[in-house]
file input_17.cif (mmCIF, C-alpha atoms)
data_final
#
loop_
_atom_site.label_atom_id
_atom_site.label_comp_id
_atom_site.auth_asym_id
_atom_site.auth_seq_id
_atom_site.Cartn_x
_atom_site.Cartn_y
_atom_site.Cartn_z
CA MET A 1 6.40 -280.27 2.92
CA SER A 2 2.73 -279.80 2.24
CA GLN A 3 0.53 -278.78 5.12
CA ILE A 4 -1.92 -281.50 4.06
CA THR A 5 -0.83 -285.12 3.61
CA THR A 6 -2.80 -288.33 3.29
CA HIS A 7 -2.45 -292.05 2.87
CA ILE A 8 -4.84 -294.83 1.92
CA LEU A 9 -4.78 -298.38 3.20
CA ASP A 10 -6.88 -301.13 1.66
CA ALA A 11 -8.10 -302.84 4.81
CA ALA A 12 -9.55 -305.80 2.89
CA LEU A 13 -6.13 -306.66 1.43
CA GLY A 14 -4.00 -305.32 4.26
CA SER A 15 -1.89 -303.23 1.89
CA PRO A 16 -1.48 -299.66 0.66
CA ALA A 17 -3.85 -298.44 -2.04
CA ARG A 18 -1.53 -297.47 -4.90
CA GLY A 19 -2.45 -295.19 -7.79
CA VAL A 20 -5.50 -293.50 -6.28
CA ALA A 21 -6.19 -289.99 -7.58
CA VAL A 22 -6.68 -287.43 -4.80
CA GLU A 23 -7.91 -283.85 -5.07
CA LEU A 24 -7.69 -281.10 -2.44
CA THR A 25 -10.28 -278.32 -2.70
CA ARG A 26 -11.38 -275.39 -0.58
CA GLY A 27 -14.80 -275.43 1.04
CA ASP A 28 -16.15 -273.37 -1.86
CA GLY A 29 -15.05 -276.09 -4.29
CA ALA A 30 -12.03 -274.29 -5.74
CA ALA A 31 -9.29 -276.77 -6.63
CA ILE A 32 -5.99 -276.38 -4.80
CA ALA A 33 -4.01 -279.48 -5.72
CA THR A 34 -4.15 -283.01 -7.09
CA GLY A 35 -1.99 -286.03 -6.54
CA VAL A 36 -1.82 -289.80 -6.87
CA THR A 37 -0.94 -292.23 -4.09
CA ASP A 38 2.53 -293.76 -4.34
CA ASP A 39 3.58 -297.38 -3.71
CA ALA A 40 3.16 -296.78 0.03
CA GLY A 41 -0.38 -295.42 -0.52
CA ARG A 42 0.77 -291.89 0.39
CA VAL A 43 0.50 -288.43 -1.10
CA LYS A 44 3.19 -286.44 0.67
CA ASP A 45 3.14 -283.34 -1.50
CA LEU A 46 -0.49 -282.23 -1.78
CA GLY A 47 -0.81 -278.50 -1.95
CA PRO A 48 0.99 -275.59 -0.39
CA GLU A 49 3.04 -275.43 2.78
CA HIS A 50 0.44 -273.13 4.38
CA LEU A 51 -3.33 -272.90 4.02
CA GLU A 52 -5.59 -270.29 5.54
CA ALA A 53 -7.89 -271.40 8.33
CA GLY A 54 -11.11 -272.76 6.86
CA THR A 55 -12.89 -275.80 5.51
CA TYR A 56 -11.31 -278.08 2.93
CA ARG A 57 -12.19 -281.33 1.14
CA LEU A 58 -10.12 -284.32 0.06
CA THR A 59 -11.72 -286.37 -2.72
CA PHE A 60 -10.44 -289.87 -3.41
CA ALA A 61 -11.25 -291.71 -6.68
CA VAL A 62 -11.44 -295.15 -5.06
CA GLY A 63 -13.81 -296.60 -7.66
CA GLU A 64 -11.04 -296.63 -10.24
CA TYR A 65 -8.71 -298.25 -7.73
CA PHE A 66 -11.17 -301.06 -6.94
CA ALA A 67 -11.93 -301.60 -10.64
CA GLY A 68 -8.19 -301.96 -11.23
CA THR A 69 -8.07 -304.73 -8.61
CA GLY A 70 -11.08 -306.53 -10.11
CA ARG A 71 -13.42 -305.72 -7.22
CA ASP A 72 -16.77 -303.95 -7.12
CA THR A 73 -17.29 -301.15 -4.62
CA PHE A 74 -20.29 -299.38 -3.16
CA TYR A 75 -18.35 -296.09 -2.85
CA PRO A 76 -16.83 -294.94 -6.16
CA VAL A 77 -15.69 -291.67 -4.56
CA VAL A 78 -14.87 -290.83 -0.95
CA SER A 79 -14.97 -287.17 0.07
CA ILE A 80 -13.70 -286.01 3.45
CA ASP A 81 -14.47 -282.50 4.64
CA PHE A 82 -12.23 -281.17 7.39
CA SER A 83 -11.31 -277.91 9.09
CA VAL A 84 -7.93 -276.25 9.24
CA ALA A 85 -8.02 -274.27 12.47
CA ASP A 86 -4.33 -273.40 12.74
CA SER A 87 -2.53 -272.43 9.55
CA GLU A 88 0.81 -273.39 11.17
CA GLN A 89 -0.11 -277.02 11.97
CA HIS A 90 0.38 -280.05 9.73
CA TYR A 91 -2.79 -281.98 8.92
CA HIS A 92 -2.59 -285.68 8.03
CA VAL A 93 -5.86 -287.25 6.86
CA PRO A 94 -5.62 -291.05 6.48
CA LEU A 95 -8.28 -293.14 4.74
CA LEU A 96 -8.95 -296.84 5.35
CA ILE A 97 -10.98 -298.46 2.58
CA SER A 98 -12.63 -301.73 1.73
CA PRO A 99 -15.11 -302.37 -1.09
CA PHE A 100 -18.15 -301.64 1.09
CA SER A 101 -16.89 -299.36 3.86
CA TYR A 102 -14.37 -296.67 4.73
CA SER A 103 -13.14 -294.79 7.77
CA THR A 104 -10.89 -291.86 8.48
CA TYR A 105 -9.32 -290.01 11.39
CA ARG A 106 -6.98 -287.13 12.09
CA GLY A 107 -3.46 -288.50 11.93
CA ASN A 108 -0.14 -286.87 12.72
#
call {"tool": "encode", "arguments": {"input": "input_17.cif", "output": "structure tokens"}}
result
Amino acid sequence: MSQITTHILDAALGSPARGVAVELTRGDGAAIATGVTDDAGRVKDLGPEHLEAGTYRLTFAVGEYFAGTGRDTFYPVVSIDFSVADSEQHYHVPLLISPFSYSTYRGN
């Protein structure tokens, strides 16, 4: 299993956000992995099993998702920077979206 996983929920519709492109990069911008959310809004296999301690970024192409549902959005891209402190821990980074807001937290 990947050390980094994520899922996206469309809070305005109360359902998973399917088909959203996600990119994992290091803090210096180097690409590590890409994925697309499944029918449950999840990307379970995003990158390696172990990452070095450091800063990383998840970038979500939510503008394309909203366009596909016929809705405008203020945020075409959501980027979340986070720190991996322990290279042995699993990091789950959920994203809750609506057309004009988003929130995130450290999941498990």
call {"tool": "closest_residue", "arguments": {"input": "input_17.cif", "among": "A:Asp38, A:Glu49, A:Glu23, A:Asp10", "to": "Ala61 of chain A", "atoms": "all atoms listed in the file"}}
result
A:Glu23
call {"tool": "atom_distance", "arguments": {"input": "input_17.cif", "atom1": "atom CA of Gly47 of chain A", "atom2": "atom CA of Ala33 of chain A"}}
result
5.0 Å
call {"tool": "atom_distance", "arguments": {"input": "input_17.cif", "atom1": "atom CA of Ala53 of chain A", "atom2": "atom CA of Tyr102 of chain A"}}
result
26.3 Å
call {"tool": "residues_near_point", "arguments": {"input": "input_17.cif", "point": "(-5.2, -281.1, -4.8)", "cutoff": "12 Å", "atoms": "all atoms listed in the file", "output": "ChimeraX atom specification"}}
result
/A:2-6,21-26,29-37,43-48,56-60
call {"tool": "resolve_selection", "arguments": {"input": "input_17.cif", "expression": "the PyMOL selection byres ((chain A and resi 71) around 12)", "output": "PyMOL selection string"}}
result
chain A and resi 10+12-13+62-70+72-76+98-100
call {"tool": "closest_residue", "arguments": {"input": "input_17.cif", "among": "A:Leu9, A:Thr55, A:Gly27, A:Ser101", "to": "Arg42 of chain A", "atoms": "only C-alpha atoms"}}
result
A:Leu9
call {"tool": "closest_residue", "arguments": {"input": "input_17.cif", "among": "A:Val20, A:Gly14, A:Glu88, A:Val78", "to": "His50 of chain A", "atoms": "only C-alpha atoms"}}
result
A:Glu88
call {"tool": "atom_distance", "arguments": {"input": "input_17.cif", "atom1": "atom CA of Ile8 of chain A", "atom2": "atom CA of Leu51 of chain A"}}
result
22.1 Å
call {"tool": "residues_near_point", "arguments": {"input": "input_17.cif", "point": "(-5.5, -294.8, 3.5)", "cutoff": "9 Å", "atoms": "all atoms listed in the file", "output": "list in words"}}
result
Thr6, His7, Ile8, Leu9, Asp10, Ala11, Pro16, Ala17, Gly41, Arg42, Val93, Pro94, Leu95, Leu96, Ile97, Ser103 and Thr104 of chain A
call {"tool": "write_last_selection", "arguments": {"input": "input_17.cif", "atoms": "C-alpha atoms", "output": "short mmCIF file (atom, residue, chain, number, x, y, z; two decimals), keeping the file's coordinate frame"}}
result
data_model
loop_
_atom_site.label_atom_id
_atom_site.label_comp_id
_atom_site.auth_asym_id
_atom_site.auth_seq_id
_atom_site.Cartn_x
_atom_site.Cartn_y
_atom_site.Cartn_z
CA THR A 6 -2.80 -288.33 3.29
CA HIS A 7 -2.45 -292.05 2.87
CA ILE A 8 -4.84 -294.83 1.92
CA LEU A 9 -4.78 -298.38 3.20
CA ASP A 10 -6.88 -301.13 1.66
CA ALA A 11 -8.10 -302.84 4.81
CA PRO A 16 -1.48 -299.66 0.66
CA ALA A 17 -3.85 -298.44 -2.04
CA GLY A 41 -0.38 -295.42 -0.52
CA ARG A 42 0.77 -291.89 0.39
CA VAL A 93 -5.86 -287.25 6.86
CA PRO A 94 -5.62 -291.05 6.48
CA LEU A 95 -8.28 -293.14 4.74
CA LEU A 96 -8.95 -296.84 5.35
CA ILE A 97 -10.98 -298.46 2.58
CA SER A 103 -13.14 -294.79 7.77
CA THR A 104 -10.89 -291.86 8.48
#
call {"tool": "build_atoms", "arguments": {"input": "input_17.cif", "residues": "segment 71-104 of chain A", "atoms": "N, CA and C atoms", "output": "compact mmCIF listing (two decimals), keeping the file's coordinate frame"}}
result
# COMPACT_ATOMS: atom_id res chain seq x y z
N ARG A 71 -12.38 -305.64 -8.25
CA ARG A 71 -13.42 -305.72 -7.22
C ARG A 71 -14.45 -304.62 -7.42
N ASP A 72 -15.71 -304.94 -7.14
CA ASP A 72 -16.77 -303.95 -7.12
C ASP A 72 -16.68 -303.16 -5.83
N THR A 73 -17.24 -301.95 -5.83
CA THR A 73 -17.29 -301.15 -4.62
C THR A 73 -18.61 -300.40 -4.55
N PHE A 74 -19.07 -300.16 -3.38
CA PHE A 74 -20.29 -299.38 -3.16
C PHE A 74 -19.99 -297.89 -3.21
N TYR A 75 -18.75 -297.50 -2.92
CA TYR A 75 -18.35 -296.09 -2.85
C TYR A 75 -17.33 -295.79 -3.96
N PRO A 76 -17.78 -295.26 -5.09
CA PRO A 76 -16.83 -294.94 -6.16
C PRO A 76 -15.94 -293.74 -5.84
N VAL A 77 -16.44 -292.86 -4.97
CA VAL A 77 -15.69 -291.67 -4.56
C VAL A 77 -15.87 -291.49 -3.06
N VAL A 78 -14.79 -291.17 -2.37
CA VAL A 78 -14.87 -290.83 -0.95
C VAL A 78 -14.43 -289.38 -0.81
N SER A 79 -15.29 -288.57 -0.19
CA SER A 79 -14.97 -287.17 0.07
C SER A 79 -14.93 -286.95 1.57
N ILE A 80 -13.87 -286.30 2.02
CA ILE A 80 -13.70 -286.01 3.45
C ILE A 80 -13.57 -284.51 3.61
N ASP A 81 -14.53 -283.92 4.30
CA ASP A 81 -14.47 -282.50 4.64
C ASP A 81 -13.81 -282.36 6.00
N PHE A 82 -12.92 -281.38 6.12
CA PHE A 82 -12.23 -281.17 7.39
C PHE A 82 -11.91 -279.69 7.54
N SER A 83 -11.61 -279.30 8.77
CA SER A 83 -11.31 -277.91 9.09
C SER A 83 -9.85 -277.73 9.43
N VAL A 84 -9.27 -276.70 8.86
CA VAL A 84 -7.93 -276.25 9.24
C VAL A 84 -8.15 -275.09 10.20
N ALA A 85 -7.82 -275.30 11.46
CA ALA A 85 -8.02 -274.27 12.47
C ALA A 85 -6.76 -273.44 12.68
N ASP A 86 -5.62 -274.06 12.50
CA ASP A 86 -4.33 -273.40 12.74
C ASP A 86 -3.49 -273.52 11.48
N SER A 87 -3.24 -272.41 10.83
CA SER A 87 -2.53 -272.43 9.55
C SER A 87 -1.06 -272.80 9.71
N GLU A 88 -0.58 -273.00 10.94
CA GLU A 88 0.81 -273.39 11.17
C GLU A 88 0.95 -274.89 11.44
N GLN A 89 -0.16 -275.59 11.67
CA GLN A 89 -0.11 -277.02 11.97
C GLN A 89 -0.09 -277.85 10.70
N HIS A 90 0.45 -279.06 10.80
CA HIS A 90 0.38 -280.05 9.73
C HIS A 90 -0.89 -280.87 9.94
N TYR A 91 -1.57 -281.19 8.86
CA TYR A 91 -2.79 -281.98 8.92
C TYR A 91 -2.61 -283.23 8.07
N HIS A 92 -2.69 -284.40 8.73
CA HIS A 92 -2.59 -285.68 8.03
C HIS A 92 -3.96 -286.34 8.11
N VAL A 93 -4.51 -286.70 6.94
CA VAL A 93 -5.86 -287.25 6.86
C VAL A 93 -5.81 -288.63 6.21
N PRO A 94 -5.67 -289.69 7.02
CA PRO A 94 -5.62 -291.05 6.48
C PRO A 94 -7.01 -291.56 6.10
N LEU A 95 -7.03 -292.50 5.18
CA LEU A 95 -8.28 -293.14 4.74
C LEU A 95 -8.06 -294.64 4.71
N LEU A 96 -8.94 -295.37 5.38
CA LEU A 96 -8.95 -296.84 5.35
C LEU A 96 -10.14 -297.26 4.50
N ILE A 97 -9.90 -298.07 3.49
CA ILE A 97 -10.98 -298.46 2.58
C ILE A 97 -11.13 -299.97 2.50
N SER A 98 -12.33 -300.38 2.17
CA SER A 98 -12.63 -301.73 1.73
C SER A 98 -13.76 -301.56 0.71
N PRO A 99 -14.12 -302.57 -0.03
CA PRO A 99 -15.11 -302.37 -1.09
C PRO A 99 -16.46 -301.82 -0.61
N PHE A 100 -16.82 -302.06 0.65
CA PHE A 100 -18.15 -301.64 1.09
C PHE A 100 -18.13 -300.82 2.38
N SER A 101 -16.96 -300.25 2.71
CA SER A 101 -16.89 -299.36 3.86
C SER A 101 -15.62 -298.53 3.78
N TYR A 102 -15.59 -297.47 4.59
CA TYR A 102 -14.37 -296.67 4.73
C TYR A 102 -14.41 -295.96 6.07
N SER A 103 -13.23 -295.57 6.55
CA SER A 103 -13.14 -294.79 7.77
C SER A 103 -11.95 -293.87 7.67
N THR A 104 -11.95 -292.85 8.50
CA THR A 104 -10.89 -291.86 8.48
C THR A 104 -10.70 -291.32 9.90
